[in-house]
>>> print(open('structure38.cif').read())   # mmCIF, C-alpha atoms
data_target
#
loop_
_atom_site.label_atom_id
_atom_site.label_comp_id
_atom_site.auth_asym_id
_atom_site.auth_seq_id
_atom_site.Cartn_x
_atom_site.Cartn_y
_atom_site.Cartn_z
CA MET A 1 -38.52 10.32 -33.47
CA LYS A 2 -35.94 8.26 -35.33
CA GLN A 3 -33.29 6.33 -33.40
CA ASP A 4 -29.72 7.57 -33.78
CA LEU A 5 -28.35 4.42 -35.41
CA GLN A 6 -24.94 5.94 -36.01
CA ILE A 7 -24.16 6.47 -32.33
CA PHE A 8 -25.55 3.10 -31.25
CA ASP A 9 -23.49 1.37 -33.93
CA LEU A 10 -20.42 3.09 -32.51
CA ILE A 11 -21.37 2.02 -28.98
CA ARG A 12 -21.67 -1.58 -30.16
CA ASN A 13 -18.26 -1.24 -31.81
CA GLU A 14 -16.80 0.03 -28.55
CA LYS A 15 -18.31 -2.90 -26.67
CA GLU A 16 -16.71 -5.27 -29.17
CA ARG A 17 -13.36 -3.50 -28.79
CA GLN A 18 -13.50 -3.83 -25.01
CA SER A 19 -14.60 -7.46 -25.21
CA SER A 20 -12.02 -8.71 -27.72
CA GLY A 21 -8.89 -6.99 -26.43
CA LEU A 22 -6.71 -7.02 -23.32
CA GLU A 23 -7.24 -3.84 -21.29
CA LEU A 24 -4.12 -2.97 -19.29
CA ILE A 25 -4.65 0.75 -18.70
CA ALA A 26 -4.24 1.02 -14.93
CA SER A 27 -6.95 3.65 -14.51
CA GLU A 28 -9.64 1.70 -16.38
CA ASN A 29 -11.97 -1.05 -15.23
CA TYR A 30 -15.21 -2.83 -16.14
CA VAL A 31 -18.24 -1.87 -14.06
CA SER A 32 -21.07 -4.26 -13.29
CA ASP A 33 -24.33 -4.32 -15.25
CA TYR A 34 -26.03 -2.86 -12.18
CA VAL A 35 -23.74 0.18 -12.21
CA LEU A 36 -24.46 0.63 -15.93
CA GLU A 37 -28.20 0.34 -15.30
CA ALA A 38 -28.13 3.01 -12.59
CA MET A 39 -26.05 5.35 -14.78
CA GLY A 40 -28.55 5.02 -17.62
CA SER A 41 -31.54 5.48 -15.33
CA ILE A 42 -34.30 8.07 -15.23
CA CYS A 43 -32.40 9.89 -12.48
CA THR A 44 -30.61 11.79 -15.26
CA ASN A 45 -33.82 13.84 -15.67
CA LYS A 46 -33.66 15.39 -12.20
CA TYR A 47 -32.16 18.76 -11.33
CA ALA A 48 -31.01 18.85 -7.70
CA GLU A 49 -28.74 21.81 -6.96
CA GLY A 50 -27.78 21.75 -3.30
CA TYR A 51 -27.53 18.84 -0.90
CA PRO A 52 -29.99 16.29 0.58
CA GLY A 53 -32.69 18.17 2.47
CA LYS A 54 -31.35 21.53 1.24
CA ARG A 55 -32.14 21.75 -2.47
CA TYR A 56 -32.90 24.69 -4.73
CA TYR A 57 -35.48 22.63 -6.65
CA GLY A 58 -38.63 20.75 -5.69
CA GLY A 59 -39.29 17.08 -6.31
CA CYS A 60 -35.99 15.93 -4.81
CA GLN A 61 -37.38 13.62 -2.14
CA ILE A 62 -36.23 10.47 -3.97
CA VAL A 63 -32.84 11.66 -5.19
CA ASP A 64 -32.23 12.93 -1.65
CA GLN A 65 -32.53 9.32 -0.46
CA ILE A 66 -30.26 8.09 -3.27
CA GLU A 67 -27.54 10.63 -2.53
CA GLN A 68 -27.73 10.11 1.23
CA LEU A 69 -27.43 6.36 0.73
CA ALA A 70 -24.30 6.92 -1.36
CA ILE A 71 -22.86 9.16 1.37
CA ASP A 72 -23.68 6.70 4.16
CA ARG A 73 -22.21 3.73 2.31
CA LEU A 74 -19.04 5.63 1.45
CA CYS A 75 -18.54 6.75 5.04
CA LYS A 76 -18.99 3.16 6.23
CA ILE A 77 -16.46 1.78 3.75
CA TYR A 78 -13.70 4.19 4.78
CA ASP A 79 -14.79 4.84 8.38
CA ALA A 80 -15.22 8.52 7.56
CA GLU A 81 -17.26 11.16 9.33
CA TYR A 82 -17.79 13.24 6.20
CA ALA A 83 -18.23 12.49 2.51
CA ASN A 84 -19.21 14.47 -0.56
CA VAL A 85 -20.27 12.34 -3.54
CA GLN A 86 -21.11 15.15 -5.97
CA PRO A 87 -17.77 15.86 -7.75
CA HIS A 88 -18.09 15.01 -11.44
CA SER A 89 -14.49 13.77 -11.54
CA GLY A 90 -11.37 13.41 -9.45
CA ALA A 91 -10.07 16.66 -10.93
CA GLN A 92 -13.25 18.46 -9.83
CA ALA A 93 -12.89 17.04 -6.32
CA ASN A 94 -9.27 18.21 -6.22
CA MET A 95 -10.14 21.67 -7.46
CA ALA A 96 -12.84 21.98 -4.80
CA VAL A 97 -10.30 21.11 -2.08
CA ILE A 98 -7.78 23.63 -3.38
CA MET A 99 -10.40 26.39 -3.54
CA ALA A 100 -11.57 25.53 -0.03
CA CYS A 101 -8.08 25.64 1.47
CA LEU A 102 -6.11 28.25 -0.49
CA LYS A 103 -6.34 31.84 -1.56
CA HIS A 104 -5.15 32.90 -4.99
CA GLY A 105 -1.35 32.69 -5.04
CA ASP A 106 -0.98 30.53 -1.91
CA THR A 107 1.61 27.75 -1.92
CA PHE A 108 1.03 24.01 -1.93
CA MET A 109 3.26 21.04 -2.58
CA GLY A 110 2.53 18.01 -4.74
CA LEU A 111 4.31 15.24 -6.61
CA ASP A 112 6.11 16.35 -9.77
CA LEU A 113 4.02 15.56 -12.86
CA SER A 114 7.02 14.10 -14.70
CA GLN A 115 7.69 11.69 -11.83
CA GLY A 116 4.22 10.31 -11.25
CA GLY A 117 2.14 13.31 -10.24
CA HIS A 118 -1.15 14.45 -11.72
CA LEU A 119 -2.18 17.60 -13.59
CA THR A 120 -4.01 18.73 -10.45
CA HIS A 121 -0.79 18.51 -8.41
CA GLY A 122 0.16 21.94 -9.73
CA SER A 123 0.87 21.50 -13.42
CA PRO A 124 1.41 24.91 -15.07
CA VAL A 125 -1.27 24.08 -17.66
CA ASN A 126 -3.87 23.24 -14.98
CA ALA A 127 -5.85 25.65 -12.78
CA SER A 128 -3.95 24.29 -9.76
CA GLY A 129 -0.71 25.64 -11.22
CA ILE A 130 -2.15 28.71 -12.89
CA LEU A 131 -4.01 30.16 -9.89
CA TYR A 132 -1.77 28.91 -7.08
CA HIS A 133 1.94 28.64 -6.35
CA ALA A 134 2.84 24.96 -6.69
CA VAL A 135 6.15 23.51 -5.57
CA ALA A 136 7.07 19.91 -6.27
CA TYR A 137 8.64 16.96 -4.59
CA GLY A 138 9.89 13.96 -6.53
CA LEU A 139 11.72 10.66 -6.55
CA ASP A 140 15.22 9.51 -5.80
CA GLU A 141 16.83 8.66 -9.14
CA GLU A 142 18.52 5.49 -7.89
CA THR A 143 15.74 3.94 -5.78
CA GLY A 144 12.62 5.36 -7.42
CA MET A 145 11.29 6.17 -3.95
CA ILE A 146 9.85 9.46 -2.67
CA LYS A 147 12.32 12.22 -1.87
CA ILE A 148 11.20 15.60 -0.50
CA PHE A 149 13.61 18.11 -1.98
CA ALA A 150 11.73 21.41 -2.08
CA ASP A 151 11.53 24.13 0.58
CA THR A 152 8.52 23.28 2.76
CA THR A 153 8.51 26.31 5.03
CA ARG A 154 5.65 28.23 3.36
CA ILE A 155 3.30 25.54 2.12
CA LYS A 156 -0.33 25.50 3.24
CA ILE A 157 -1.29 22.15 1.73
CA LEU A 158 0.86 19.10 1.17
CA TYR A 159 -0.82 17.08 -1.59
CA ALA A 160 0.24 13.44 -1.69
CA LEU A 161 -0.61 10.28 -3.58
CA MET A 162 -1.62 7.35 -1.41
CA LYS A 163 1.71 5.53 -1.53
CA GLU A 164 3.75 8.27 0.15
CA GLY A 165 1.05 9.52 2.53
CA LYS A 166 2.59 8.69 5.87
CA SER A 167 6.10 9.64 4.82
CA VAL A 168 4.98 13.21 4.14
CA GLY A 169 2.55 13.41 7.06
CA ALA A 170 5.30 14.34 9.50
CA ILE A 171 6.45 17.13 7.19
CA ALA A 172 2.91 18.51 6.95
CA ASP A 173 2.64 18.55 10.76
CA GLU A 174 6.06 20.17 11.12
CA VAL A 175 5.25 23.11 8.87
CA GLY A 176 1.59 23.44 9.90
CA ALA A 177 0.15 22.41 6.53
CA LEU A 178 -2.95 20.38 5.84
CA LEU A 179 -2.21 16.87 4.59
CA TRP A 180 -4.40 16.05 1.60
CA ILE A 181 -4.16 12.58 0.06
CA ASP A 182 -5.36 11.55 -3.38
CA MET A 183 -6.12 7.83 -3.24
CA ALA A 184 -7.74 7.66 -6.68
CA HIS A 185 -5.71 4.75 -7.99
CA THR A 186 -5.77 2.60 -4.86
CA ALA A 187 -9.28 3.38 -3.51
CA GLY A 188 -10.59 -0.12 -4.26
CA LEU A 189 -7.65 -1.85 -2.60
CA ILE A 190 -8.14 0.37 0.45
CA ALA A 191 -11.88 -0.34 0.52
CA ALA A 192 -11.05 -4.06 0.64
CA GLY A 193 -8.70 -3.50 3.59
CA LEU A 194 -5.58 -4.47 1.62
CA LEU A 195 -3.80 -1.11 1.93
CA LYS A 196 -3.74 1.39 4.79
CA ASN A 197 -6.69 3.76 4.97
CA PRO A 198 -5.49 7.38 4.51
CA VAL A 199 -8.72 8.70 6.03
CA LYS A 200 -7.20 7.71 9.38
CA TYR A 201 -4.30 10.17 9.20
CA ALA A 202 -4.91 12.75 6.45
CA HIS A 203 -6.96 15.89 6.98
CA ILE A 204 -8.68 15.51 3.61
CA VAL A 205 -8.85 12.63 1.13
CA THR A 206 -10.02 12.73 -2.48
CA SER A 207 -10.54 9.98 -5.01
CA THR A 208 -12.12 8.97 -8.25
CA THR A 209 -14.86 6.34 -8.15
CA HIS A 210 -13.65 4.41 -11.19
CA LYS A 211 -10.20 2.75 -11.40
CA THR A 212 -9.81 0.05 -8.72
CA LEU A 213 -13.01 1.11 -6.94
CA ARG A 214 -14.85 -0.09 -10.07
CA GLY A 215 -17.66 2.42 -10.10
CA PRO A 216 -18.81 5.04 -12.60
CA ARG A 217 -16.54 7.88 -13.64
CA GLY A 218 -16.70 10.50 -10.89
CA GLY A 219 -15.07 11.90 -7.77
CA ILE A 220 -15.47 11.99 -3.98
CA ILE A 221 -14.13 13.93 -0.98
CA LEU A 222 -13.69 12.40 2.49
CA MET A 223 -12.64 13.39 5.99
CA GLY A 224 -12.06 10.98 8.84
CA LYS A 225 -13.08 13.62 11.36
CA ASP A 226 -14.69 16.99 10.75
CA PHE A 227 -12.85 19.93 12.30
CA ASP A 228 -13.07 23.68 12.73
CA ASN A 229 -11.57 25.44 9.75
CA PRO A 230 -8.05 26.66 10.63
CA TRP A 231 -8.57 30.13 9.14
CA GLY A 232 -11.29 31.20 11.57
CA LEU A 233 -13.99 31.66 8.93
CA LYS A 234 -17.37 32.18 10.57
CA THR A 235 -21.06 31.71 9.80
CA PRO A 236 -23.42 34.72 9.70
CA LYS A 237 -24.22 33.84 13.33
CA GLY A 238 -20.57 34.21 14.29
CA GLU A 239 -19.85 30.50 14.73
CA ILE A 240 -16.62 28.96 13.43
CA LYS A 241 -17.40 27.06 10.24
CA LYS A 242 -16.69 23.36 10.12
CA MET A 243 -14.40 22.17 7.35
CA SER A 244 -17.26 20.05 5.99
CA ALA A 245 -19.33 23.17 5.35
CA ILE A 246 -16.45 24.86 3.55
CA LEU A 247 -15.79 21.81 1.37
CA ASN A 248 -19.48 21.45 0.51
CA SER A 249 -19.67 25.10 -0.52
CA SER A 250 -16.52 24.71 -2.57
CA VAL A 251 -18.07 21.84 -4.56
CA PHE A 252 -21.43 23.62 -4.92
CA PRO A 253 -21.66 26.42 -5.82
CA GLY A 254 -17.87 26.81 -5.96
CA VAL A 255 -16.86 24.65 -8.91
CA GLN A 256 -20.06 22.88 -9.96
CA GLY A 257 -23.77 23.43 -10.50
CA GLY A 258 -26.33 20.65 -10.34
CA PRO A 259 -25.10 17.17 -9.33
CA LEU A 260 -25.40 14.22 -11.69
CA GLU A 261 -27.90 12.17 -9.70
CA HIS A 262 -27.83 9.25 -12.14
CA VAL A 263 -24.06 9.01 -11.64
CA ILE A 264 -24.49 9.35 -7.87
CA ALA A 265 -26.98 6.45 -8.03
CA ALA A 266 -24.34 4.41 -9.88
CA LYS A 267 -21.76 5.41 -7.25
CA ALA A 268 -24.12 4.13 -4.54
CA VAL A 269 -24.40 0.78 -6.37
CA ALA A 270 -20.61 0.54 -6.66
CA PHE A 271 -20.23 1.32 -2.95
CA TYR A 272 -22.70 -1.46 -2.16
CA GLU A 273 -20.66 -3.86 -4.28
CA ALA A 274 -17.48 -2.77 -2.48
CA MET A 275 -19.04 -3.93 0.80
CA GLN A 276 -19.53 -7.53 -0.41
CA PRO A 277 -17.18 -10.46 0.40
CA GLU A 278 -16.57 -11.15 -3.31
CA TYR A 279 -15.11 -7.68 -3.66
CA VAL A 280 -12.27 -8.48 -1.27
CA GLU A 281 -11.42 -11.60 -3.25
CA TYR A 282 -11.41 -9.56 -6.45
CA GLN A 283 -9.01 -6.97 -5.04
CA LYS A 284 -6.69 -9.67 -3.68
CA GLN A 285 -6.53 -11.11 -7.18
CA VAL A 286 -5.80 -7.66 -8.65
CA MET A 287 -2.73 -7.40 -6.40
CA ALA A 288 -1.62 -10.99 -7.00
CA ASN A 289 -1.87 -10.48 -10.77
CA ALA A 290 0.11 -7.24 -10.61
CA LYS A 291 2.86 -8.83 -8.51
CA LYS A 292 3.16 -11.72 -10.94
CA MET A 293 3.12 -9.42 -13.97
CA ALA A 294 5.91 -7.25 -12.54
CA GLU A 295 7.99 -10.35 -11.87
CA GLU A 296 7.49 -11.51 -15.45
CA PHE A 297 8.61 -8.14 -16.84
CA VAL A 298 11.74 -8.19 -14.69
CA ALA A 299 12.49 -11.77 -15.72
CA ARG A 300 12.45 -10.65 -19.36
CA GLY A 301 14.94 -7.85 -18.77
CA TYR A 302 12.64 -4.86 -18.29
CA LYS A 303 13.18 -2.25 -15.61
CA VAL A 304 10.16 -1.85 -13.33
CA VAL A 305 10.41 1.51 -11.54
CA SER A 306 10.97 1.00 -7.77
CA GLY A 307 11.73 -2.67 -8.46
CA GLY A 308 8.18 -4.02 -8.40
CA THR A 309 4.68 -3.22 -7.19
CA ASP A 310 2.63 -3.58 -4.02
CA ASN A 311 -0.63 -2.45 -5.58
CA HIS A 312 -2.35 -2.80 -8.97
CA LEU A 313 0.05 -1.08 -11.36
CA MET A 314 3.64 -0.82 -12.49
CA LEU A 315 5.71 1.62 -14.52
CA ILE A 316 8.03 0.05 -17.10
CA ASP A 317 11.15 1.92 -18.20
CA LEU A 318 11.73 0.66 -21.74
CA ARG A 319 15.22 2.13 -22.06
CA THR A 320 16.90 -0.78 -20.27
CA LYS A 321 15.85 -3.35 -22.87
CA PHE A 322 14.85 -1.30 -25.92
CA PRO A 323 16.65 2.09 -25.85
CA ASP A 324 15.18 3.17 -29.19
CA VAL A 325 11.57 2.17 -28.50
CA THR A 326 9.52 5.04 -27.08
CA GLY A 327 6.42 4.73 -24.95
CA ARG A 328 4.44 6.24 -27.79
CA MET A 329 5.66 3.56 -30.21
CA ALA A 330 4.87 0.82 -27.70
CA GLU A 331 1.35 2.10 -27.06
CA LYS A 332 0.54 2.52 -30.74
CA GLU A 333 1.91 -0.83 -31.92
CA LEU A 334 0.47 -2.86 -29.03
CA GLU A 335 -2.91 -1.34 -29.79
CA LYS A 336 -2.69 -2.88 -33.27
CA ALA A 337 -2.44 -6.26 -31.52
CA GLU A 338 -5.44 -5.27 -29.33
CA ILE A 339 -3.39 -4.89 -26.16
CA THR A 340 -4.18 -1.50 -24.63
CA LEU A 341 -1.90 0.35 -22.24
CA ASN A 342 -0.61 3.91 -22.08
CA LYS A 343 2.69 5.63 -22.70
CA ASN A 344 4.03 7.25 -19.56
CA MET A 345 7.00 9.33 -18.53
CA VAL A 346 9.43 7.65 -16.17
CA PRO A 347 11.42 9.41 -13.45
CA PHE A 348 14.13 11.62 -14.97
CA ASP A 349 12.86 10.87 -18.46
CA THR A 350 14.97 12.15 -21.34
CA ARG A 351 12.00 12.25 -23.73
CA SER A 352 8.98 14.55 -23.95
CA PRO A 353 5.52 13.72 -22.54
CA PHE A 354 4.39 13.10 -26.13
CA LYS A 355 6.98 10.37 -26.68
CA THR A 356 8.07 9.14 -23.20
CA SER A 357 10.47 6.36 -22.32
CA GLY A 358 7.99 4.17 -20.51
CA VAL A 359 4.59 2.55 -20.35
CA ARG A 360 2.22 2.10 -17.42
CA VAL A 361 0.46 -1.22 -16.95
CA GLY A 362 -2.32 -2.23 -14.56
CA THR A 363 -4.38 -5.31 -13.70
CA PRO A 364 -7.84 -4.12 -12.49
CA ALA A 365 -9.66 -4.59 -15.81
CA ILE A 366 -8.18 -7.95 -16.79
CA THR A 367 -8.82 -9.21 -13.26
CA SER A 368 -12.48 -8.19 -13.57
CA ARG A 369 -12.63 -10.52 -16.57
CA GLY A 370 -11.36 -13.44 -14.54
CA PHE A 371 -7.69 -13.61 -15.51
CA VAL A 372 -5.35 -14.98 -12.81
CA GLU A 373 -1.60 -15.26 -12.16
CA LYS A 374 -0.88 -17.94 -14.74
CA ASP A 375 -2.37 -15.70 -17.43
CA MET A 376 0.05 -12.91 -16.56
CA THR A 377 2.95 -14.94 -17.92
CA GLU A 378 1.28 -15.25 -21.31
CA ILE A 379 0.21 -11.60 -21.39
CA VAL A 380 3.74 -10.33 -20.68
CA GLU A 381 5.07 -12.75 -23.28
CA LEU A 382 2.70 -11.27 -25.87
CA ILE A 383 3.76 -7.74 -24.95
CA ASP A 384 7.43 -8.72 -25.18
CA THR A 385 6.84 -10.33 -28.58
CA VAL A 386 5.37 -7.11 -29.97
CA LEU A 387 7.99 -4.82 -28.42
CA SER A 388 10.82 -7.05 -29.64
CA ALA A 389 9.35 -6.81 -33.14
CA VAL A 390 9.01 -3.03 -32.81
CA ALA A 391 12.70 -2.81 -31.96
CA LYS A 392 13.69 -5.16 -34.79
CA TYR A 393 11.52 -3.48 -37.42
CA ALA A 394 11.87 0.10 -36.14
CA ASP A 395 12.27 1.50 -39.66
CA VAL A 396 8.96 -0.08 -40.65
CA VAL A 397 7.24 1.27 -37.55
CA ASN A 398 8.64 4.77 -38.15
CA GLY A 399 7.73 4.72 -41.85
CA VAL A 400 11.35 4.93 -43.00
CA SER A 401 11.40 1.64 -44.89
CA GLN A 402 9.07 -1.17 -45.96
CA GLU A 403 11.75 -3.83 -45.70
CA GLY A 404 10.42 -6.42 -43.26
CA ALA A 405 6.90 -4.95 -43.27
CA GLU A 406 5.28 -8.26 -44.14
CA GLU A 407 7.11 -10.11 -41.37
CA TYR A 408 6.21 -7.39 -38.87
CA ALA A 409 2.55 -7.53 -39.86
CA LYS A 410 2.58 -11.30 -39.30
CA VAL A 411 3.88 -10.81 -35.75
CA LEU A 412 1.04 -8.40 -34.95
CA GLU A 413 -1.53 -10.71 -36.51
CA THR A 414 -0.25 -13.72 -34.54
CA VAL A 415 -0.38 -11.82 -31.26
CA ARG A 416 -3.82 -10.39 -32.06
CA HIS A 417 -5.11 -13.92 -32.73
CA LYS A 418 -3.75 -15.12 -29.38
CA VAL A 419 -5.38 -12.15 -27.62
CA HIS A 420 -8.73 -13.03 -29.19
CA ASN A 421 -8.36 -16.63 -28.03
CA MET A 422 -7.66 -15.44 -24.48
CA THR A 423 -10.67 -13.12 -24.33
CA ALA A 424 -13.21 -15.21 -26.24
CA GLY A 425 -16.23 -16.09 -24.12
CA ARG A 426 -15.09 -14.07 -21.12
CA PRO A 427 -17.55 -11.54 -19.65
CA LEU A 428 -16.28 -8.02 -19.00
CA ASN A 429 -17.05 -8.43 -15.31
CA ARG A 430 -17.30 -11.90 -13.80
CA TYR A 431 -17.57 -10.81 -10.14
#
>>> encode(input="structure38.cif", output="structure tokens")
Amino acid sequence: MKQDLQIFDLIRNEKERQSSGLELIASENYVSDYVLEAMGSICTNKYAEGYPGKRYYGGCQIVDQIEQLAIDRLCKIYDAEYANVQPHSGAQANMAVIMACLKHGDTFMGLDLSQGGHLTHGSPVNASGILYHAVAYGLDEETGMIKIFADTTRIKILYALMKEGKSVGAIADEVGALLWIDMAHTAGLIAAGLLKNPVKYAHIVTSTTHKTLRGPRGGIILMGKDFDNPWGLKTPKGEIKKMSAILNSSVFPGVQGGPLEHVIAAKAVAFYEAMQPEYVEYQKQVMANAKKMAEEFVARGYKVVSGGTDNHLMLIDLRTKFPDVTGRMAEKELEKAEITLNKNMVPFDTRSPFKTSGVRVGTPAITSRGFVEKDMTEIVELIDTVLSAVAKYADVVNGVSQEGAEEYAKVLETVRHKVHNMTAGRPLNRY
């Protein structure tokens, strides 16, 4: 059979793109060669519906060991009693939790999508908002900090991002709701012991395995302690079902079929890496780089939402310095200089999600490549150079005029050349 040269040429092109540019998308990272090897392994051939020791197919004795090892390592990292490593993504993990805990039309509360929430927090275009009654909480306009402003009397789940977990925990207890925390963005920092572990105080925790955790793309579900389900659901023998059993059934067969055992193998490798001393040093550098980057943005007149960062990312409100530059313009033009970040709505944004007034920036990927605090100054300077040119030559950027097009192109070319000099010879993952 002939090799598909077209696809492999594109893969090589993608590797070159990742290698030559500066990756600042907060939810992206560079996995190790070992994670890549496991993902591309022969485990992709195996069907394994069910769970270790309880499969619907034969020949699962090896993948049972792989999946159990992933579970055991994950539980050790977060000091959890229960873990499910089968969700194909964070969204799948979240959907499984919602299905396990709510009936159609039940109410839950999550962070407003326009103020930092996720589609699975109850967006009207997502199953979480279509099938269930979602109410939102948001941010204080002046401080950028969490403010609970919705009626909480009828909620059954309070869905929180890691940062505001403890502040909403008391509310969940007061109204008798389950506290569910999504730690997807900060999972790696938590694994390294640099942020508080939500498994200690939330009923249920979900996460992705990429982002700061630096594993393959996928999802997980955790509980610090298993508990009897609060709805009194029973087994055929009349025993009260444990929440772990309900969550497992919600993942399979509730929202998924067969697990991706090659991805689970890669998750297990990533969990092993997260238990090594070098991993802690990496995560400390991620936070140090982010702190320095936020300071550099502020020093250049940008507004960083909430005034700074205590994790790996920051949200930049462009309106303070460049009122006419949208997040979409910034993303598109920076990409031409091979600096990749994403447009993002800011709290109380006056623009649509397709344009936005802000950009989100993160340090996990550039830290994986070995960049440190002193490099953050140069990176922010390059971003500022491009955005200043976008503001100056806005008519060129918007296609209204060609006056100044040559000068603008030279700015992009100069920045692109500096980016290439910064990334030349650097591995994607040096840890």
>>> closest_atom_pairs(input="structure38.cif", of="region 163-232 of chain A", to="region 240-257 of chain A", cutoff="10 Å", atoms="all atoms listed in the file", output="JSON lines")
{"residue": "A:His203", "atom": "CA", "partner": "A:Met243", "partner_atom": "CA", "distance": 9.7}
{"residue": "A:Ile204", "atom": "CA", "partner": "A:Met243", "partner_atom": "CA", "distance": 9.5}
{"residue": "A:Ile221", "atom": "CA", "partner": "A:Leu247", "partner_atom": "CA", "distance": 8.4}
{"residue": "A:Leu222", "atom": "CA", "partner": "A:Ser244", "partner_atom": "CA", "distance": 9.1}
{"residue": "A:Met223", "atom": "CA", "partner": "A:Ser244", "partner_atom": "CA", "distance": 8.1}
{"residue": "A:Lys225", "atom": "CA", "partner": "A:Ser244", "partner_atom": "CA", "distance": 9.4}
{"residue": "A:Asp226", "atom": "CA", "partner": "A:Met243", "partner_atom": "CA", "distance": 6.2}
{"residue": "A:Phe227", "atom": "CA", "partner": "A:Lys242", "partner_atom": "CA", "distance": 5.6}
{"residue": "A:Asp228", "atom": "CA", "partner": "A:Lys242", "partner_atom": "CA", "distance": 4.5}
{"residue": "A:Asn229", "atom": "CA", "partner": "A:Met243", "partner_atom": "CA", "distance": 4.9}
{"residue": "A:Pro230", "atom": "CA", "partner": "A:Met243", "partner_atom": "CA", "distance": 8.4}
{"residue": "A:Trp231", "atom": "CA", "partner": "A:Ile240", "partner_atom": "CA", "distance": 9.2}
{"residue": "A:Gly232", "atom": "CA", "partner": "A:Ile240", "partner_atom": "CA", "distance": 6.1}
>>> write_last_selection(input="structure38.cif", atoms="C-alpha atoms", output="short mmCIF file (atom, residue, chain, number, x, y, z; two decimals), in the frame of the given file")
data_model
loop_
_atom_site.label_atom_id
_atom_site.label_comp_id
_atom_site.auth_asym_id
_atom_site.auth_seq_id
_atom_site.Cartn_x
_atom_site.Cartn_y
_atom_site.Cartn_z
CA HIS A 203 -6.96 15.89 6.98
CA ILE A 204 -8.68 15.51 3.61
CA ILE A 221 -14.13 13.93 -0.98
CA LEU A 222 -13.69 12.40 2.49
CA MET A 223 -12.64 13.39 5.99
CA LYS A 225 -13.08 13.62 11.36
CA ASP A 226 -14.69 16.99 10.75
CA PHE A 227 -12.85 19.93 12.30
CA ASP A 228 -13.07 23.68 12.73
CA ASN A 229 -11.57 25.44 9.75
CA PRO A 230 -8.05 26.66 10.63
CA TRP A 231 -8.57 30.13 9.14
CA GLY A 232 -11.29 31.20 11.57
#
>>> closest_residue(input="structure38.cif", among="A:Ala202, A:Ile11, A:Ala136, A:Val304", to="His118 (chain A)", atoms="only C-alpha atoms")
A:Ala136
>>> residues_near_point(input="structure38.cif", point="(-5.8, -2.3, -2.5)", cutoff="7 Å", atoms="all atoms listed in the file", output="list in words")
Thr186, Ala187, Gly188, Leu189, Ile190, Ala192, Gly193, Leu194, Leu195, Gln283 and Asn311 of chain A
>>> residues_around(input="structure38.cif", residues="Asp79 (chain A)", least_positions_apart="5", cutoff="9 Å", atoms="all atoms listed in the file", output="NGL selection string")
:A and (74 or 197 or 199-200 or 224)
>>> write_last_selection(input="structure38.cif", atoms="C-alpha atoms", output="mmCIF file, in the frame of the given file")
data_model
loop_
_atom_site.group_PDB
_atom_site.id
_atom_site.type_symbol
_atom_site.label_atom_id
_atom_site.label_comp_id
_atom_site.auth_asym_id
_atom_site.auth_seq_id
_atom_site.Cartn_x
_atom_site.Cartn_y
_atom_site.Cartn_z
ATOM 1 C CA LEU A 74 -19.040 5.630 1.450
ATOM 2 C CA ASN A 197 -6.690 3.760 4.970
ATOM 3 C CA VAL A 199 -8.720 8.700 6.030
ATOM 4 C CA LYS A 200 -7.200 7.710 9.380
ATOM 5 C CA GLY A 224 -12.060 10.980 8.840
#
>>> resolve_selection(input="structure38.cif", expression="the PyMOL selection byres ((chain A and resi 329) around 9)", output="JSON, numbers by chain")
{"A": [325, 326, 327, 328, 330, 331, 332, 333, 334, 343, 355, 387, 390, 397, 398]}
>>> resolve_selection(input="structure38.cif", expression="the PyMOL selection byres ((chain A and resi 423) around 8)", output="number ranges by chain")
A: 19-22, 419-422, 424-426
>>> atom_distance(input="structure38.cif", atom1="CA of Val205 (chain A)", atom2="CA of Gly219 (chain A)")
10.9 Å
>>> atom_distance(input="structure38.cif", atom1="CA of Thr208 (chain A)", atom2="CA of Met95 (chain A)")
12.9 Å
>>> closest_residue(input="structure38.cif", among="A:Asp349, A:Glu37, A:Glu338, A:Glu295", to="Gly308 (chain A)", atoms="all atoms listed in the file")
A:Glu295
>>> residues_around(input="structure38.cif", residues="Val359 (chain A)", least_positions_apart="3", cutoff="7 Å", atoms="all atoms listed in the file", output="CSV table (one decimal) with C-alpha atoms, in the frame of the given file")
chain,number,residue,atom,x,y,z
A,315,LEU,CA,5.7,1.6,-14.5
A,316,ILE,CA,8.0,0.0,-17.1
A,317,ASP,CA,11.2,1.9,-18.2
A,327,GLY,CA,6.4,4.7,-25.0
A,342,ASN,CA,-0.6,3.9,-22.1
A,343,LYS,CA,2.7,5.6,-22.7
A,344,ASN,CA,4.0,7.2,-19.6
>>> residues_around(input="structure38.cif", residues="Ile130 (chain A)", least_positions_apart="6", cutoff="10 Å", atoms="all atoms listed in the file", output="PyMOL selection string")
chain A and resi 104-105+122-124
>>> atom_distance(input="structure38.cif", atom1="CA of Glu141 (chain A)", atom2="CA of Phe348 (chain A)")
7.1 Å
>>> closest_residue(input="structure38.cif", among="A:Ala266, A:Ile42, A:Met314, A:Ala177", to="Thr107 (chain A)", atoms="all atoms listed in the file")
A:Ala177
>>> closest_atom_pairs(input="structure38.cif", of="region 170-201 of chain A", to="region 99-103 of chain A", cutoff="12 Å", atoms="all atoms listed in the file", output="CSV")
residue,atom,partner,partner_atom,distance
A:Ala177,CA,A:Cys101,CA,10.2
A:Leu178,CA,A:Cys101,CA,8.5
A:Leu179,CA,A:Cys101,CA,11.0
A:Trp180,CA,A:Cys101,CA,10.3
>>> resolve_selection(input="structure38.cif", expression="the PyMOL selection byres ((chain A and resi 85-87) around 6)", output="PyMOL selection string")
chain A and resi 84+88-89+92-93+219-220+259
